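S.K.: my_file.txt is reproduced below (compact mmCIF, C-alpha atoms and all ligand atoms).
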```txt
# COMPACT_ATOMS: atom_id res chain seq x y z
CA MET A 7 154.73 113.91 71.74
CA MET A 8 155.04 110.52 70.11
CA LYS A 9 158.32 110.04 71.87
CA ALA A 10 156.79 110.90 75.21
CA VAL A 11 153.99 108.35 74.76
CA LEU A 12 156.47 105.72 73.73
CA LEU A 13 158.58 106.47 76.75
CA LEU A 14 155.55 106.27 78.99
CA LEU A 15 154.57 102.95 77.44
CA LEU A 16 158.06 101.64 77.87
CA SER A 17 158.27 102.63 81.49
CA LEU A 18 154.84 101.10 82.11
CA THR A 19 155.95 97.82 80.57
CA VAL A 20 159.09 97.82 82.63
CA CYS A 21 157.07 98.44 85.73
CA VAL A 22 154.62 95.64 84.99
CA SER A 23 157.08 92.99 83.99
CA SER A 24 159.81 93.78 86.48
CA ASP A 25 159.66 92.43 89.99
CA PRO A 26 157.23 94.72 91.83
CA GLY A 27 159.19 93.97 94.97
CA SER A 28 162.43 95.58 93.87
CA SER A 29 161.81 98.65 96.04
CA CYS A 30 160.10 96.56 98.68
CA VAL A 31 162.51 95.99 101.54
CA TYR A 32 159.94 94.59 103.98
CA PRO A 33 158.93 91.02 104.78
CA PRO A 34 155.26 90.27 103.86
CA PHE A 35 153.88 90.61 107.38
CA SER A 36 154.90 94.27 107.52
CA TRP A 37 153.79 95.31 104.03
CA CYS A 38 150.63 96.93 105.42
CA SER A 39 152.31 98.60 108.39
CA SER A 40 152.47 101.97 106.63
CA VAL A 41 151.18 103.57 103.45
CA ASP A 42 154.78 103.94 102.27
CA SER A 43 155.63 100.24 102.66
CA ALA A 44 152.32 99.26 101.04
CA VAL A 45 153.09 101.44 98.00
CA ARG A 46 156.66 100.18 97.73
CA CYS A 47 155.49 96.57 97.87
CA GLY A 48 152.69 97.11 95.37
CA VAL A 49 149.86 96.15 97.72
CA LEU A 50 148.27 99.47 98.70
CA LYS A 51 144.79 98.47 97.51
CA GLN A 52 144.94 95.14 99.35
CA CYS A 53 146.20 96.80 102.53
CA LEU A 54 143.43 99.39 102.49
CA GLN A 55 140.91 96.57 102.05
CA SER A 56 142.32 94.43 104.82
CA ASN A 57 142.63 97.45 107.13
CA PHE A 58 138.98 98.22 106.46
CA THR A 59 137.94 94.63 107.19
CA ARG A 60 140.01 94.71 110.36
CA SER A 61 138.45 97.96 111.52
CA ARG A 62 135.06 96.26 111.42
CA GLN A 63 136.16 93.47 113.78
CA THR A 64 134.90 95.15 116.93
CA ALA A 65 134.41 92.19 119.27
CA ASP A 66 137.15 91.49 121.80
CA LYS A 67 140.01 89.47 120.41
CA VAL A 68 140.42 85.93 121.69
CA GLN A 69 143.25 86.05 124.24
CA VAL A 70 145.61 83.12 123.92
CA GLU A 71 148.45 82.58 126.40
CA LEU A 72 151.08 79.92 125.88
CA TYR A 73 153.31 78.80 128.74
CA TYR A 74 156.16 76.79 127.27
CA GLU A 75 159.88 76.10 127.22
CA SER A 76 162.09 76.43 124.17
CA LEU A 77 163.35 72.84 123.79
CA CYS A 78 160.32 70.81 124.86
CA PRO A 79 159.30 68.71 121.83
CA GLY A 80 155.56 69.00 122.53
CA CYS A 81 155.86 72.78 122.78
CA ARG A 82 157.74 72.97 119.49
CA LEU A 83 155.09 70.87 117.77
CA PHE A 84 152.26 72.96 119.17
CA ILE A 85 153.88 76.27 118.21
CA THR A 86 154.87 75.27 114.69
CA GLY A 87 151.92 72.98 113.88
CA GLN A 88 149.00 74.74 115.55
CA LEU A 89 149.55 78.09 117.24
CA PHE A 90 151.62 79.92 114.66
CA PRO A 91 149.59 78.81 111.59
CA THR A 92 146.38 79.67 113.45
CA TRP A 93 147.67 83.10 114.38
CA LEU A 94 148.87 83.70 110.83
CA MET A 95 145.31 83.19 109.58
CA LEU A 96 143.38 84.65 112.51
CA GLN A 97 145.51 87.49 113.88
CA ASP A 98 142.65 89.94 113.30
CA ILE A 99 140.61 88.15 115.95
CA MET A 100 143.23 86.78 118.33
CA GLU A 101 146.10 87.98 120.48
CA VAL A 102 148.91 85.67 121.53
CA THR A 103 151.01 86.05 124.68
CA LEU A 104 154.08 83.83 124.77
CA VAL A 105 155.66 83.05 128.13
CA PRO A 106 158.91 81.12 127.70
CA TYR A 107 159.73 79.58 131.09
CA GLY A 108 157.68 76.40 131.54
CA ASN A 109 159.10 73.94 134.05
CA ALA A 110 162.20 76.02 134.77
CA MET A 111 163.28 76.74 138.37
CA GLU A 112 164.36 80.07 139.76
CA THR A 113 166.58 80.99 142.68
CA PHE A 114 167.98 84.34 143.77
CA ASP A 115 171.68 84.64 144.61
CA GLY A 116 171.40 88.08 146.20
CA LYS A 117 172.14 89.94 142.97
CA LYS A 118 170.38 88.17 140.14
CA TYR A 119 168.10 85.26 139.40
CA ILE A 120 169.63 81.90 138.51
CA TYR A 121 167.70 79.58 136.24
CA LYS A 122 167.69 75.83 135.88
CA CYS A 123 165.84 74.44 132.90
CA GLN A 124 164.30 71.03 132.29
CA HIS A 125 166.29 70.47 129.09
CA GLY A 126 169.52 72.01 130.38
CA PRO A 127 171.41 75.28 129.92
CA GLN A 128 170.70 75.37 126.17
CA GLU A 129 167.00 75.56 126.95
CA CYS A 130 167.60 78.43 129.39
CA LEU A 131 169.45 80.20 126.57
CA GLY A 132 166.58 79.54 124.15
CA ASN A 133 164.03 80.83 126.67
CA MET A 134 166.14 83.94 127.23
CA LEU A 135 166.65 84.62 123.51
CA GLU A 136 162.91 84.38 122.94
CA THR A 137 162.11 86.52 125.98
CA CYS A 138 164.43 89.28 124.76
CA LEU A 139 163.02 89.00 121.23
CA LEU A 140 159.51 89.45 122.57
CA ASN A 141 160.69 92.61 124.31
CA MET A 142 162.79 94.04 121.46
CA THR A 143 160.82 93.31 118.31
CA ASN A 144 157.09 93.74 118.03
CA ALA A 145 155.31 92.11 115.11
CA ALA A 146 158.39 90.12 114.11
CA ALA A 147 158.88 88.29 117.41
CA PHE A 148 156.41 85.48 116.79
CA HIS A 149 157.76 84.95 113.26
CA ILE A 150 161.30 84.67 114.63
CA ILE A 151 160.29 82.33 117.46
CA ASN A 152 158.36 80.09 115.07
CA CYS A 153 161.39 80.08 112.75
CA MET A 154 163.65 79.02 115.65
CA GLU A 155 161.27 76.36 116.94
CA SER A 156 160.93 74.95 113.39
CA ALA A 157 164.68 74.59 112.94
CA THR A 158 166.77 71.51 113.68
CA ASP A 159 168.78 73.48 116.22
CA VAL A 160 166.67 76.11 117.98
CA ILE A 161 169.62 78.12 119.32
CA GLN A 162 171.80 77.94 116.21
CA ALA A 163 168.88 79.19 114.13
CA ALA A 164 168.38 82.36 116.16
CA LYS A 165 170.77 84.51 114.17
CA SER A 166 169.47 83.62 110.72
CA CYS A 167 165.84 83.81 111.88
CA VAL A 168 166.46 87.32 113.20
CA SER A 169 168.09 88.42 109.96
CA LEU A 170 165.18 86.96 107.99
CA TYR A 171 162.35 88.58 109.93
CA SER A 172 163.90 91.55 111.68
CA PRO A 173 166.96 92.56 109.64
CA GLU A 174 167.09 95.94 111.41
CA LEU A 175 167.67 94.34 114.82
CA ASP A 176 171.32 94.28 115.83
CA PHE A 177 172.11 90.76 117.06
CA ASN A 178 174.70 92.11 119.52
CA SER A 179 172.10 94.23 121.27
CA LEU A 180 169.90 91.14 121.52
CA MET A 181 172.77 89.28 123.18
CA THR A 182 173.33 92.21 125.55
CA CYS A 183 169.77 91.69 126.73
CA VAL A 184 170.22 87.91 126.89
CA ASN A 185 173.39 88.08 129.02
CA GLY A 186 172.51 91.13 131.06
CA ASP A 187 170.26 92.54 133.72
CA GLN A 188 167.37 93.24 131.41
CA GLY A 189 166.99 89.63 130.30
CA ASN A 190 167.33 88.48 133.90
CA GLN A 191 164.50 90.80 134.99
CA LEU A 192 162.28 89.91 132.03
CA MET A 193 162.73 86.19 132.77
CA HIS A 194 161.76 86.85 136.38
CA GLN A 195 158.50 88.31 135.09
CA ASN A 196 157.91 85.09 133.12
CA ALA A 197 158.57 83.09 136.28
CA LEU A 198 156.05 85.16 138.23
CA LYS A 199 153.42 84.83 135.50
CA THR A 200 153.93 81.09 135.28
CA ARG A 201 153.77 80.63 139.06
CA ALA A 202 150.57 82.68 139.19
CA LEU A 203 148.71 80.22 136.95
CA ASP A 204 145.47 79.03 138.50
CA PRO A 205 145.18 76.09 138.35
CA PRO A 206 148.99 75.70 138.37
CA HIS A 207 150.43 74.11 135.23
CA LYS A 208 151.06 70.38 135.30
CA SER A 209 152.92 70.15 132.00
CA VAL A 210 153.89 72.24 128.99
CA PRO A 211 152.65 73.34 126.52
CA TRP A 212 150.08 74.89 128.86
CA VAL A 213 147.46 76.88 126.99
CA VAL A 214 145.04 79.43 128.44
CA VAL A 215 142.29 80.90 126.27
CA ASP A 216 140.31 83.87 127.61
CA GLY A 217 141.56 83.05 131.09
CA VAL A 218 140.63 79.35 131.04
CA HIS A 219 143.06 76.45 130.73
CA ILE A 220 142.50 74.37 127.59
CA ASP A 221 142.70 70.62 127.87
CA ASP A 222 145.44 68.89 125.85
CA SER A 223 142.84 67.00 123.81
CA ALA A 224 141.54 70.30 122.38
CA LEU A 225 144.94 71.47 121.19
CA SER A 226 145.01 69.46 117.97
CA ALA A 227 142.12 71.47 116.51
CA PHE A 228 143.29 74.84 117.70
CA PHE A 229 142.20 76.83 114.66
CA LYS A 230 138.57 75.80 115.11
CA LEU A 231 138.80 76.47 118.84
CA VAL A 232 139.82 80.09 118.24
CA CYS A 233 137.07 80.57 115.63
CA ASP A 234 134.53 79.11 118.08
CA HIS A 235 135.68 81.38 120.91
CA TYR A 236 135.32 84.57 118.86
CA LYS A 237 132.14 86.46 119.76
CA GLY A 238 132.07 88.74 116.71
CA SER A 239 131.00 87.85 113.19
CA PRO A 240 133.38 85.18 111.92
CA PRO A 241 136.19 86.42 109.67
CA PRO A 242 136.47 84.87 106.18
CA ALA A 243 139.16 82.43 107.36
CA CYS A 244 136.69 80.91 109.85
CA GLY A 245 134.40 79.99 106.98
CA GLY A 246 132.43 83.21 106.79
CA ARG A 247 132.49 85.04 103.49
CA GLN A 248 134.80 83.82 100.78
CA ARG A 249 138.08 85.69 100.80
CA ALA A 250 138.97 87.14 97.42
CA TYR A 251 142.59 86.72 96.51
CA ASN A 252 142.95 89.54 94.05
CA THR A 253 146.70 89.74 94.40
CA TYR A 254 147.52 87.06 91.87
CA CYS A 255 150.54 87.66 89.71
CA HIS A 256 149.33 87.13 86.16
CA LYS A 257 151.41 85.85 83.28
CA ASP A 258 152.50 88.61 80.89
C1 LIG A 301 146.77 99.91 108.29
O1 LIG A 301 146.45 100.11 109.66
C2 LIG A 301 147.56 100.35 110.48
C3 LIG A 301 147.10 100.36 111.93
O2 LIG A 301 145.92 101.08 112.09
C4 LIG A 301 148.23 101.66 110.07
O3 LIG A 301 149.33 101.96 110.90
C5 LIG A 301 148.69 101.51 108.63
O4 LIG A 301 149.26 102.70 108.17
C6 LIG A 301 147.54 101.11 107.73
N1 LIG A 301 148.08 100.77 106.42
C7 LIG A 301 147.70 101.40 105.31
C8 LIG A 301 148.35 100.94 104.06
O5 LIG A 301 146.87 102.28 105.30
C1 LIG A 302 160.82 95.76 127.52
O1 LIG A 302 161.34 95.65 128.83
C2 LIG A 302 161.38 96.86 129.56
C3 LIG A 302 161.97 96.53 130.91
O2 LIG A 302 163.22 95.95 130.82
C4 LIG A 302 160.01 97.45 129.69
O3 LIG A 302 160.08 98.70 130.34
C5 LIG A 302 159.38 97.62 128.31
O4 LIG A 302 158.06 98.05 128.44
C6 LIG A 302 159.41 96.29 127.58
N1 LIG A 302 158.88 96.49 126.21
C7 LIG A 302 158.04 95.64 125.63
C8 LIG A 302 157.60 95.99 124.24
O5 LIG A 302 157.64 94.64 126.19
```
Now that the file is in, can you turn its structure into structure tokens?
Ligand SMILES: *[C@@H]1O[C@H](CO)[C@@H](O)[C@H](O)[C@H]1NC(C)=O
Ligand SMILES: *[C@@H]1O[C@H](CO)[C@@H](O)[C@H](O)[C@H]1NC(C)=O

M.R.:
Amino acid sequence: MMKAVLLLLLSLTVCVSSDPGSSCVYPPFSWCSSVDSAVRCGVLKQCLQSNFTRSRQTADKVQVELYYESLCPGCRLFITGQLFPTWLMLQDIMEVTLVPYGNAMETFDGKKYIYKCQHGPQECLGNMLETCLLNMTNAAAFHIINCMESATDVIQAAKSCVSLYSPELDFNSLMTCVNGDQGNQLMHQNALKTRALDPPHKSVPWVVVDGVHIDDSALSAFFKLVCDHYKGSPPPACGGRQRAYNTYCHKD
């Protein structure tokens, strides 16, 4: 009996002081994606809470569309400095659609579409990588694209960004999409979407929120803009109720 209690105590101590993430093989953004991953990552209670909070957000999400190209400096700054951080905080109330194409040009050679990009062939490759990522990974795509756009070399970073945020995705199958028919067709869809803009885009980044183009001057306070557009009760991040961070890791 005594032995059993001691053993129990021991195993409890081990559990508390060891890294709770040792059986957690998921990046933070997917911890709550299933009960199993939440348990493995030691955040079940927090996930149930945040799922409950989310289920009470019933108003329509703010729809944000970004028309951009992978190597345009202004686009990279907007993605990494405004759009991604805003989405990270406000994804319960907003939905982002990324359309990598921008000022590219498209022609048809009888078999496939040929693309010419403002910042050269490397930009076409970046656009295509990101287009295929958006098609092949779901929640991870924006994390990977932000990781690439934050890097010194957008294209070079692709492989390590994929292995960071979507380790299960085979890079070769991504490249099959990039170099093949599927990528070509998906890029054509981006071209059509971009050409359908009304009013047509004059520059990139070109941002559309709930169907209306947003003036460049409003882009530097994008977080507030999304909060202001939301019709439901403001989430804690917008300055509503205080968010309780009860996931602190205490000292032993
Ligand atoms: C949270 O909600 C998502 C989507 O409804 C669901 O798939 C997931 O299993 C939930 N997570 C937990 C830990 O209950
Ligand atoms: C990916 O692209 C294919 C067409 O090539 C399409 O049928 C499918 O719905 C796309 N999936 C996503 C998640 O966009």

S.K.: Any chance you could tabulate, as a Markdown table, the residues of stretch 72-108 of chain A at most 8 Å from stretch 226-235 of chain A with each one's nearest atom pair and distance in Å to one decimal, using all atoms listed in the file, in chain and rising number order?

M.R.:
```
| residue | atom | partner | partner_atom | distance |
| --- | --- | --- | --- | --- |
| A:Gln88 | CA | A:Phe228 | CA | 6.1 |
| A:Leu89 | CA | A:Phe228 | CA | 7.1 |
| A:Thr92 | CA | A:Phe229 | CA | 5.2 |
| A:Met100 | CA | A:Val232 | CA | 7.5 |
```

S.K.: Under the rule that all atoms listed in the file are counted, which of A:Gly48, A:Pro127, A:Gly186, A:Pro33 is the nearest residue to ligand LIG 301 (chain A)?

M.R.: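 Closest residue, counting all atoms listed in the file: A:Gly48.
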
S.K.: Go through A:Phe90, A:Ser39, A:Phe58, A:Val31 and flag the residue nearest A:Ser156, using all atoms listed in the file for the distances.

M.R.: A:Phe90

S.K.: Taking the point (167.8, 85.6, 128.6) as given in the file, collect each protein or nucleic acid residue that comes within 7 Å of it, counting all atoms listed in the file, and present the set as a list in words.

M.R.: Leu131, Asn133, Met134, Leu135, Thr137, Cys138, Cys183, Val184, Asn185, Gly189, Asn190 and Met193 of chain A

S.K.: Could you check the closest approach to A:Val160 for each of A:Leu139, A:Leu77, A:Leu96, A:Leu175 and tell me which residue wins, using all atoms listed in the file?

M.R.: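 Closest candidate: A:Leu77.
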
S.K.: Can I get stretch 127-138 of chain A with N, CA and C atoms filled in, as an mmCIF file, keeping the file's coordinate frame?

M.R.:
```cif
data_model
loop_
_atom_site.group_PDB
_atom_site.id
_atom_site.type_symbol
_atom_site.label_atom_id
_atom_site.label_comp_id
_atom_site.auth_asym_id
_atom_site.auth_seq_id
_atom_site.Cartn_x
_atom_site.Cartn_y
_atom_site.Cartn_z
ATOM 1 N N PRO A 127 171.031 73.883 130.135
ATOM 2 C CA PRO A 127 171.410 75.280 129.920
ATOM 3 C C PRO A 127 171.034 75.806 128.524
ATOM 4 N N GLN A 128 171.079 74.923 127.514
ATOM 5 C CA GLN A 128 170.700 75.370 126.170
ATOM 6 C C GLN A 128 169.249 75.838 126.143
ATOM 7 N N GLU A 129 168.409 75.139 126.909
ATOM 8 C CA GLU A 129 167.000 75.560 126.950
ATOM 9 C C GLU A 129 166.849 76.904 127.639
ATOM 10 N N CYS A 130 167.636 77.113 128.720
ATOM 11 C CA CYS A 130 167.600 78.430 129.390
ATOM 12 C C CYS A 130 168.001 79.522 128.403
ATOM 13 N N LEU A 131 169.009 79.233 127.566
ATOM 14 C CA LEU A 131 169.450 80.200 126.570
ATOM 15 C C LEU A 131 168.340 80.462 125.542
ATOM 16 N N GLY A 132 167.694 79.396 125.093
ATOM 17 C CA GLY A 132 166.580 79.540 124.150
ATOM 18 C C GLY A 132 165.449 80.367 124.742
ATOM 19 N N ASN A 133 165.083 80.059 125.999
ATOM 20 C CA ASN A 133 164.030 80.830 126.670
ATOM 21 C C ASN A 133 164.412 82.307 126.743
ATOM 22 N N MET A 134 165.686 82.558 127.055
ATOM 23 C CA MET A 134 166.140 83.940 127.230
ATOM 24 C C MET A 134 166.172 84.680 125.892
ATOM 25 N N LEU A 135 166.658 84.009 124.840
ATOM 26 C CA LEU A 135 166.650 84.620 123.510
ATOM 27 C C LEU A 135 165.224 85.025 123.126
ATOM 28 N N GLU A 136 164.287 84.114 123.354
ATOM 29 C CA GLU A 136 162.910 84.380 122.940
ATOM 30 C C GLU A 136 162.264 85.465 123.794
ATOM 31 N N THR A 137 162.622 85.479 125.084
ATOM 32 C CA THR A 137 162.110 86.520 125.980
ATOM 33 C C THR A 137 162.597 87.895 125.536
ATOM 34 N N CYS A 138 163.892 88.000 125.209
ATOM 35 C CA CYS A 138 164.430 89.280 124.760
ATOM 36 C C CYS A 138 163.847 89.682 123.412
#
```
